[in-house]
$ cat input29.pdb   # PDB, C-alpha atoms
ATOM      1  CA  LYS K   1       3.157 -23.289  26.578
ATOM      2  CA  ALA K   2       6.489 -21.473  26.749
ATOM      3  CA  CYS K   3       6.050 -20.181  23.193
ATOM      4  CA  ASN K   4       2.506 -19.016  23.939
ATOM      5  CA  LEU K   5       3.682 -17.076  26.970
ATOM      6  CA  ALA K   6       6.578 -15.642  24.968
ATOM      7  CA  SER K   7       4.180 -14.565  22.208
ATOM      8  CA  GLN K   8       1.940 -12.862  24.758
ATOM      9  CA  ARG K   9       4.910 -11.003  26.200
ATOM     10  CA  LEU K  10       6.046  -9.905  22.735
ATOM     11  CA  GLU K  11       2.557  -8.631  21.892
ATOM     12  CA  SER K  12       2.455  -6.753  25.177
ATOM     13  CA  LEU K  13       5.840  -5.153  24.534
ATOM     14  CA  LEU K  14       4.929  -4.091  20.997
ATOM     15  CA  ALA K  15       1.551  -2.775  22.124
ATOM     16  CA  GLY K  16       3.321  -0.528  24.603
ATOM     17  CA  ALA K  17       5.631   0.946  21.969
ATOM     18  CA  GLY K  18       4.684   4.331  20.539
ATOM     19  CA  ASP K  19       2.301   6.948  21.855
ATOM     20  CA  GLY K  20      -0.936   5.553  20.402
ATOM     21  CA  GLU K  21      -1.288   8.457  17.977
ATOM     22  CA  ASP K  22      -2.357   6.214  15.085
ATOM     23  CA  GLU K  23      -5.139   4.691  17.152
ATOM     24  CA  LEU K  24      -6.377   8.123  18.223
ATOM     25  CA  VAL K  25      -6.417   9.336  14.617
ATOM     26  CA  SER K  26      -8.288   6.204  13.534
ATOM     27  CA  MET K  27     -10.883   6.634  16.270
ATOM     28  CA  ALA K  28     -11.310  10.306  15.429
ATOM     29  CA  MET K  29     -11.731   9.472  11.738
ATOM     30  CA  ARG K  30     -14.556   7.071  12.526
ATOM     31  CA  GLU K  31     -16.407   9.846  14.335
ATOM     32  CA  VAL K  32     -16.340  12.146  11.301
ATOM     33  CA  ALA K  33     -19.501  12.185   9.186
ATOM     34  CA  PRO K  34     -19.092  10.137   5.969
ATOM     35  CA  ALA K  35     -20.082  13.108   3.806
ATOM     36  CA  LYS K  36     -17.353  15.233   5.379
ATOM     37  CA  LYS K  37     -14.776  12.480   4.932
ATOM     38  CA  THR K  38     -15.732  12.118   1.284
ATOM     39  CA  ALA K  39     -15.563  15.860   0.661
ATOM     40  CA  ALA K  40     -12.225  16.203   2.456
ATOM     41  CA  TYR K  41     -10.742  13.237   0.585
ATOM     42  CA  CYS K  42     -11.865  14.519  -2.807
ATOM     43  CA  LEU K  43     -10.690  18.044  -1.964
ATOM     44  CA  ALA K  44      -7.264  16.788  -0.904
ATOM     45  CA  GLY K  45      -7.070  14.688  -4.056
ATOM     46  CA  GLY K  46      -8.010  17.705  -6.130
ATOM     47  CA  VAL K  47      -5.285  19.806  -4.527
ATOM     48  CA  VAL K  48      -2.621  17.146  -5.089
ATOM     49  CA  GLY K  49      -3.792  16.576  -8.651
ATOM     50  CA  SER K  50      -3.801  20.313  -9.359
ATOM     51  CA  VAL K  51      -0.252  20.694  -8.076
ATOM     52  CA  ALA K  52       0.896  17.756 -10.209
ATOM     53  CA  THR K  53      -0.885  19.241 -13.232
ATOM     54  CA  PHE K  54       0.732  22.630 -12.675
ATOM     55  CA  VAL K  55       4.190  21.069 -12.389
ATOM     56  CA  CYS K  56       3.551  19.085 -15.577
ATOM     57  CA  TYR K  57       2.738  22.293 -17.425
ATOM     58  CA  LEU K  58       5.925  23.901 -16.121
ATOM     59  CA  LEU K  59       7.949  20.936 -17.375
ATOM     60  CA  HIS K  60       6.074  20.798 -20.694
ATOM     61  CA  LEU K  61       4.566  17.399 -19.896
ATOM     62  CA  ASP K  62       1.041  16.243 -20.651
ATOM     63  CA  PRO K  63      -0.703  16.115 -17.236
ATOM     64  CA  TYR K  64      -3.665  14.220 -18.680
ATOM     65  CA  GLY K  65      -1.595  11.427 -20.181
ATOM     66  CA  GLY K  66      -3.473  11.522 -23.480
ATOM     67  CA  MET K  67      -6.902  11.519 -21.811
ATOM     68  CA  SER K  68      -9.581  13.847 -23.162
ATOM     69  CA  LEU K  69     -13.327  14.129 -23.665
ATOM     70  CA  SER K  70     -13.394  11.889 -26.708
ATOM     71  CA  MET K  71     -14.326   8.435 -27.907
ATOM     72  CA  ASP K  72     -10.645   7.496 -27.728
ATOM     73  CA  SER K  73     -10.772   7.917 -23.961
ATOM     74  CA  VAL K  74     -13.999   5.926 -23.785
ATOM     75  CA  ARG K  75     -12.383   3.100 -25.723
ATOM     76  CA  ALA K  76      -9.299   3.305 -23.501
ATOM     77  CA  ALA K  77     -11.496   3.118 -20.397
ATOM     78  CA  LEU K  78     -13.253   0.038 -21.763
ATOM     79  CA  PHE K  79      -9.877  -1.463 -22.591
ATOM     80  CA  GLY K  80      -8.709  -0.813 -19.023
ATOM     81  CA  ALA K  81     -11.865  -2.392 -17.613
ATOM     82  CA  THR K  82     -11.435  -5.427 -19.843
ATOM     83  CA  LEU K  83      -7.809  -5.945 -18.824
ATOM     84  CA  ALA K  84      -8.217  -5.049 -15.145
ATOM     85  CA  LEU K  85      -8.224  -8.689 -14.039
ATOM     86  CA  PRO K  86      -4.472  -8.908 -13.230
ATOM     87  CA  VAL K  87      -4.493  -5.893 -10.893
ATOM     88  CA  MET K  88      -7.763  -7.079  -9.361
ATOM     89  CA  ALA K  89      -6.146 -10.467  -8.772
ATOM     90  CA  ILE K  90      -3.182  -8.808  -7.052
ATOM     91  CA  GLN K  91      -5.574  -6.957  -4.746
ATOM     92  CA  TYR K  92      -7.589 -10.092  -4.017
ATOM     93  CA  MET K  93      -4.521 -12.123  -3.031
ATOM     94  CA  LYS K  94      -4.509 -10.690   0.479
ATOM     95  CA  TRP K  95      -8.206 -11.514   0.930
ATOM     96  CA  SER K  96      -8.060 -15.086  -0.335
ATOM     97  CA  PRO K  97      -8.421 -17.584   2.559
ATOM     98  CA  VAL K  98      -6.316 -20.128   0.679
ATOM     99  CA  LEU K  99      -3.455 -17.743  -0.092
ATOM    100  CA  THR K 100      -3.415 -16.055   3.317
ATOM    101  CA  GLN K 101      -3.211 -19.446   4.981
ATOM    102  CA  ARG K 102      -0.390 -20.467   2.670
ATOM    103  CA  PHE K 103       1.414 -17.112   2.916
ATOM    104  CA  PRO K 104       0.920 -15.411   6.326
ATOM    105  CA  ALA K 105       2.591 -12.265   4.996
ATOM    106  CA  LEU K 106      -0.505 -11.566   2.902
ATOM    107  CA  ASN K 107      -2.593 -11.769   6.051
ATOM    108  CA  ALA K 108      -0.350  -9.179   7.692
ATOM    109  CA  ILE K 109      -0.701  -6.868   4.687
ATOM    110  CA  ARG K 110      -4.478  -7.202   4.758
ATOM    111  CA  ALA K 111      -4.656  -6.553   8.504
ATOM    112  CA  ARG K 112      -2.554  -3.406   8.132
ATOM    113  CA  GLU K 113      -4.687  -2.077   5.287
ATOM    114  CA  GLU K 114      -7.914  -2.884   7.124
ATOM    115  CA  LYS K 115      -6.659  -0.902  10.091
ATOM    116  CA  GLU K 116      -5.539   2.077   8.007
ATOM    117  CA  GLU K 117      -8.421   2.296   5.540
ATOM    118  CA  GLY K 118     -11.280   0.974   7.648
ATOM    119  CA  SER K 119     -11.701   4.260   9.497
ATOM    120  CA  LEU K 120     -12.040   6.047   6.150
ATOM    121  CA  TYR K 121     -14.553   3.588   4.695
ATOM    122  CA  ALA K 122     -16.689   3.345   7.834
ATOM    123  CA  GLY K 123     -20.242   4.572   7.342
ATOM    124  CA  MET K 124     -19.860   5.544   3.692
ATOM    125  CA  THR K 125     -22.542   4.849   1.128
ATOM    126  CA  ASP K 126     -21.760   3.171  -2.182
ATOM    127  CA  PRO K 127     -21.707   6.471  -4.147
ATOM    128  CA  GLN K 128     -19.310   7.948  -1.591
ATOM    129  CA  LEU K 129     -17.054   4.908  -1.845
ATOM    130  CA  VAL K 130     -17.105   5.206  -5.628
ATOM    131  CA  GLY K 131     -16.189   8.877  -5.314
ATOM    132  CA  ILE K 132     -13.106   8.332  -3.174
ATOM    133  CA  THR K 133     -12.081   5.318  -5.266
ATOM    134  CA  VAL K 134     -12.146   7.202  -8.560
ATOM    135  CA  THR K 135     -10.521  10.269  -7.002
ATOM    136  CA  GLY K 136      -7.700   8.242  -5.491
ATOM    137  CA  SER K 137      -7.129   6.307  -8.706
ATOM    138  CA  ALA K 138      -7.116   9.441 -10.851
ATOM    139  CA  VAL K 139      -4.668  11.262  -8.579
ATOM    140  CA  THR K 140      -2.383   8.225  -8.415
ATOM    141  CA  CYS K 141      -2.317   7.874 -12.190
ATOM    142  CA  VAL K 142      -1.758  11.586 -12.812
ATOM    143  CA  CYS K 143       1.112  11.730 -10.310
ATOM    144  CA  GLU K 144       2.806   8.408 -10.986
ATOM    145  CA  LEU K 145       2.118   7.969 -14.685
ATOM    146  CA  ALA K 146       1.536  11.292 -16.426
ATOM    147  CA  PHE K 147       4.012  13.166 -14.214
ATOM    148  CA  LEU K 148       6.544  10.664 -12.908
ATOM    149  CA  GLN K 149       6.768   8.351 -15.915
ATOM    150  CA  GLU K 150       7.020  11.159 -18.441
ATOM    151  CA  GLY K 151       9.521  12.917 -16.210
ATOM    152  CA  LEU K 152      11.668   9.810 -15.774
ATOM    153  CA  GLN K 153      11.561   9.131 -19.494
ATOM    154  CA  THR K 154      12.741  12.669 -20.213
ATOM    155  CA  ILE K 155      15.510  12.449 -17.611
ATOM    156  CA  VAL K 156      16.779   9.110 -18.931
ATOM    157  CA  THR K 157      16.716  10.427 -22.497
ATOM    158  CA  ASP K 158      18.682  13.536 -21.489
ATOM    159  CA  ILE K 159      21.243  11.494 -19.550
ATOM    160  CA  LEU K 160      21.800   9.115 -22.448
ATOM    161  CA  GLY K 161      22.092  12.078 -24.791
ATOM    162  CA  THR K 162      24.666  13.700 -22.496
ATOM    163  CA  TRP K 163      26.688  10.495 -22.530
ATOM    164  CA  GLY K 164      26.492  10.414 -26.303
ATOM    165  CA  VAL K 165      24.489   7.187 -26.318
ATOM    166  CA  SER K 166      22.217   6.852 -29.318
ATOM    167  CA  THR K 167      19.085   4.916 -28.494
ATOM    168  CA  THR K 168      15.533   4.361 -29.588
ATOM    169  CA  GLU K 169      12.529   5.648 -27.663
ATOM    170  CA  THR K 170      11.974   2.181 -26.202
ATOM    171  CA  LEU K 171      14.926   2.177 -23.793
ATOM    172  CA  PRO K 172      13.911   5.338 -21.865
ATOM    173  CA  VAL K 173      10.346   4.000 -21.650
ATOM    174  CA  ILE K 174      11.543   0.682 -20.211
ATOM    175  CA  ALA K 175      13.924   2.452 -17.830
ATOM    176  CA  ALA K 176      11.104   4.696 -16.601
ATOM    177  CA  LEU K 177       8.859   1.660 -16.105
ATOM    178  CA  VAL K 178      11.508  -0.175 -14.078
ATOM    179  CA  LEU K 179      12.342   2.868 -11.956
ATOM    180  CA  GLY K 180       8.699   3.760 -11.358
ATOM    181  CA  SER K 181       7.730   0.210 -10.442
ATOM    182  CA  ALA K 182      10.727  -0.191  -8.148
ATOM    183  CA  GLY K 183       9.935   3.114  -6.460
ATOM    184  CA  ARG K 184       6.343   2.061  -5.863
ATOM    185  CA  GLY K 185       7.581  -1.262  -4.523
ATOM    186  CA  LEU K 186       9.957   0.446  -2.097
ATOM    187  CA  LEU K 187       7.143   2.664  -0.838
ATOM    188  CA  GLY K 188       4.964  -0.391  -0.316
ATOM    189  CA  GLU K 189       7.781  -2.129   1.540
ATOM    190  CA  ALA K 190       8.444   0.918   3.723
ATOM    191  CA  ASN K 191       4.868   0.777   5.033
ATOM    192  CA  TYR K 192       5.708  -2.469   6.806
ATOM    193  CA  ALA K 193       9.120  -1.549   8.169
ATOM    194  CA  ILE K 194       9.430  -1.994  11.917
ATOM    195  CA  ASP K 195       8.994   1.281  13.755
ATOM    196  CA  PRO K 196      12.237   2.589  15.353
ATOM    197  CA  GLU K 197      10.588   2.537  18.774
ATOM    198  CA  GLU K 198       9.493  -1.056  18.275
ATOM    199  CA  ARG K 199      12.982  -1.987  17.110
ATOM    200  CA  GLU K 200      14.452  -0.425  20.244
ATOM    201  CA  VAL K 201      11.957  -2.311  22.407
ATOM    202  CA  LEU K 202      12.913  -5.592  20.739
ATOM    203  CA  ARG K 203      16.620  -4.864  21.101
ATOM    204  CA  ASN K 204      16.272  -4.129  24.813
ATOM    205  CA  ALA K 205      14.034  -7.138  25.386
ATOM    206  CA  LEU K 206      16.520  -9.470  23.725
ATOM    207  CA  SER K 207      19.531  -8.039  25.527
ATOM    208  CA  ASN K 208      17.771  -8.360  28.895
ATOM    209  CA  CYS K 209      15.994 -11.599  28.060
ATOM    210  CA  ASP K 210      18.050 -13.999  30.165
ATOM    211  CA  ARG K 211      18.134 -11.704  33.180
ATOM    212  CA  TYR K 212      14.391 -11.040  32.938
ATOM    213  CA  TYR K 213      13.468 -14.714  33.052
ATOM    214  CA  ASP K 214      16.059 -15.425  35.754
ATOM    215  CA  VAL K 215      14.263 -12.911  37.933
ATOM    216  CA  MET K 216      10.739 -13.953  36.932
ATOM    217  CA  GLY K 217      11.301 -17.715  36.683
ATOM    218  CA  THR K 218      10.846 -20.200  39.481
ATOM    219  CA  ASP K 219      13.953 -22.203  38.615
ATOM    220  CA  LYS K 220      16.925 -21.927  36.301
ATOM    221  CA  ASP K 221      15.816 -24.619  33.858
ATOM    222  CA  LYS K 222      12.412 -23.041  33.359
ATOM    223  CA  ALA K 223      13.927 -19.573  33.043
ATOM    224  CA  HIS K 224      16.355 -20.872  30.428
ATOM    225  CA  ASP K 225      13.543 -22.491  28.441
ATOM    226  CA  MET K 226      11.443 -19.320  28.575
ATOM    227  CA  ALA K 227      14.381 -17.213  27.402
ATOM    228  CA  ILE K 228      14.972 -19.541  24.458
ATOM    229  CA  ALA K 229      11.257 -19.490  23.611
ATOM    230  CA  PHE K 230      11.148 -15.698  23.701
ATOM    231  CA  LYS K 231      14.190 -15.380  21.442
ATOM    232  CA  ALA K 232      12.620 -17.846  19.019
ATOM    233  CA  VAL K 233       9.352 -15.898  18.967
ATOM    234  CA  VAL K 234      11.198 -12.642  18.270
ATOM    235  CA  TYR K 235      13.154 -14.339  15.489
ATOM    236  CA  VAL K 236       9.926 -15.590  13.906
ATOM    237  CA  TYR K 237       8.410 -12.115  14.219
ATOM    238  CA  LEU K 238      11.387 -10.529  12.449
ATOM    239  CA  ARG K 239      11.387 -13.235   9.779
ATOM    240  CA  ASP K 240       7.669 -12.771   9.145
ATOM    241  CA  ASN K 241       8.141  -9.014   8.944
ATOM    242  CA  MET K 242      10.841  -9.482   6.319
ATOM    243  CA  SER K 243       8.517 -11.760   4.360
ATOM    244  CA  THR K 244       5.726  -9.187   4.615
ATOM    245  CA  LYS K 245       7.981  -6.442   3.284
ATOM    246  CA  THR K 246       9.047  -8.667   0.391
ATOM    247  CA  TRP K 247       5.446  -9.405  -0.561
ATOM    248  CA  ALA K 248       4.526  -5.732  -0.216
ATOM    249  CA  PHE K 249       7.387  -4.753  -2.511
ATOM    250  CA  TRP K 250       6.582  -7.195  -5.292
ATOM    251  CA  THR K 251       2.806  -6.776  -5.232
ATOM    252  CA  SER K 252       3.106  -2.978  -5.268
ATOM    253  CA  ALA K 253       5.738  -3.050  -8.006
ATOM    254  CA  ALA K 254       3.750  -5.524 -10.112
ATOM    255  CA  GLN K 255       0.592  -3.455  -9.850
ATOM    256  CA  MET K 256       2.377  -0.272 -10.889
ATOM    257  CA  ALA K 257       4.168  -2.019 -13.754
ATOM    258  CA  TYR K 258       0.849  -3.270 -15.104
ATOM    259  CA  LEU K 259      -0.764   0.168 -14.845
ATOM    260  CA  ILE K 260       2.183   1.644 -16.728
ATOM    261  CA  PHE K 261       1.793  -1.087 -19.348
ATOM    262  CA  LEU K 262      -1.887  -0.213 -19.803
ATOM    263  CA  TRP K 263      -1.050   3.460 -20.170
ATOM    264  CA  ARG K 264       1.775   2.886 -22.634
ATOM    265  CA  THR K 265      -0.342   0.454 -24.638
ATOM    266  CA  THR K 266      -3.315   2.788 -25.008
ATOM    267  CA  GLY K 267      -1.560   6.136 -24.745
ATOM    268  CA  ASN K 268      -4.504   7.218 -22.629
ATOM    269  CA  LEU K 269      -4.673   7.665 -18.850
ATOM    270  CA  ALA K 270      -8.303   6.524 -18.776
ATOM    271  CA  ALA K 271      -7.234   2.871 -19.060
ATOM    272  CA  PRO K 272      -5.106   2.684 -15.884
ATOM    273  CA  ILE K 273      -7.543   4.889 -13.943
ATOM    274  CA  VAL K 274     -10.405   2.481 -14.628
ATOM    275  CA  ALA K 275      -8.236  -0.572 -13.946
ATOM    276  CA  LEU K 276      -6.958   0.832 -10.641
ATOM    277  CA  SER K 277     -10.482   1.839  -9.611
ATOM    278  CA  MET K 278     -11.697  -1.694 -10.231
ATOM    279  CA  ALA K 279      -8.758  -3.090  -8.265
ATOM    280  CA  THR K 280      -9.503  -0.795  -5.327
ATOM    281  CA  SER K 281     -13.146  -1.844  -5.456
ATOM    282  CA  VAL K 282     -11.981  -5.369  -4.608
ATOM    283  CA  ASP K 283     -10.578  -4.096  -1.305
ATOM    284  CA  ILE K 284     -13.759  -2.186  -0.528
ATOM    285  CA  ARG K 285     -16.045  -5.106  -1.374
ATOM    286  CA  GLU K 286     -14.050  -7.534   0.747
ATOM    287  CA  TYR K 287     -13.814  -5.052   3.609
ATOM    288  CA  LYS K 288     -17.592  -4.581   3.579
ATOM    289  CA  LYS K 289     -18.099  -8.343   3.667
ATOM    290  CA  ARG K 290     -15.873  -8.702   6.728
ATOM    291  CA  HIS K 291     -16.985  -5.565   8.569
ATOM    292  CA  PRO K 292     -20.714  -5.155   7.875
ATOM    293  CA  PHE K 293     -21.283  -3.267  11.136
ATOM    294  CA  ASP K 294     -19.168  -0.380   9.828
ATOM    295  CA  PHE K 295     -21.849   0.264   7.215
ATOM    296  CA  GLU K 296     -25.019  -0.329   9.205
ATOM    297  CA  GLU K 297     -25.852   3.375   9.466
ATOM    298  CA  GLN K 298     -26.177   3.729   5.710
ATOM    299  CA  GLN K 299     -28.746   0.938   5.427
TER
END

$ encode --input "input29.pdb" --output "structure tokens"
Amino acid sequence: KACNLASQRLESLLAGAGDGEDELVSMAMREVAPAKKTAAYCLAGGVVGSVATFVCYLLHLDPYGGMSLSMDSVRAALFGATLALPVMAIQYMKWSPVLTQRFPALNAIRAREEKEEGSLYAGMTDPQLVGITVTGSAVTCVCELAFLQEGLQTIVTDILGTWGVSTTETLPVIAALVLGSAGRGLLGEANYAIDPEEREVLRNALSNCDRYYDVMGTDKDKAHDMAIAFKAVVYVYLRDNMSTKTWAFWTSAAQMAYLIFLWRTTGNLAAPIVALSMATSVDIREYKKRHPFDFEEQQ
């Protein structure tokens, strides 16, 4: 009972942190017509992709990553679809009842993504969902593969050349893969970092814990037990958050590493774009299964 009450108090404290801006944005997003959301998403993706393409041209990089209107790109796309299973499996991990029960961190990742992406998906038809999926995948691959990977490879090659280190083309490619995957992992981990306001709330609650329960408790023994329970609940919360960040890092890094592998193997950006689109479709399919009311209007 003490732990349940402590958990309720922790939830109440965390719910009061922040100004509720994220919730307001989410609610506002749900009120926007699906067609407008789709158009805005694709337009924003087009702008980001255009900027990345322009920068690639300035740096003498190939913004299309070998992709063109040719049978080679068709074959690369089929290759990406055939070998998309690993990235689809990574996406499905957080939806699997067995895995989420075994690893609560995956449940936390799924809940966060449902909250963030649900307002975007709400009300969209299947063609609209396909549109934002392909757009997002294409922009991600252009920015993080064609631009970032080629750029990192060039930088590593120049640095090694400056140091007088003779090397094959393989080492800069591997270095770019490691750096790109680690960077993606760190971004994924950062999404689950505790907000500074929440951290301050937890710090104050812990420092005032004993005094709070002395004032609120009916006797010293009960107050002492409640204080211990609250500290234990906060410890578990922090431990679970660390576990969530670890899972977010490795799943994000693994997904990016595999997309880079597909691109390097085929030499064509069509392969990772198709694979990432299929992986994202796993999230959308599972979200629709769990939140059918969000899509009732399109029926």

$ atom_distance --input "input29.pdb" --atom1 "atom CA of K:Arg110" --atom2 "atom CA of K:Ala190"
15.3 Å

$ closest_residue --input "input29.pdb" --among "K:Val178, K:Leu129, K:Met216, K:Leu152" --to "K:Tyr41" --atoms "all atoms listed in the file"
K:Leu129

$ resolve_selection --input "input29.pdb" --expression "the PyMOL selection byres ((chain K and resi 94) around 12)" --output "NGL selection string"
:K and (88-93 or 95-114 or 244 or 247-248 or 251 or 282-283 or 286-287)

$ closest_residue --input "input29.pdb" --among "K:Leu238, K:Arg203, K:Ser50, K:Leu259" --to "K:Ser277" --atoms "all atoms listed in the file"
K:Leu259

$ closest_residue --input "input29.pdb" --among "K:Val234, K:Ala28, K:Met242, K:Met67" --to "K:Val142" --atoms "only C-alpha atoms"
K:Met67

$ residues_around --input "input29.pdb" --residues "K:Ala44" --least-positions-apart "4" --cutoff "10 Å" --atoms "only C-alpha atoms" --output "VMD selection string"
chain K and resid 38 to 40 48 to 50 135 to 136 139
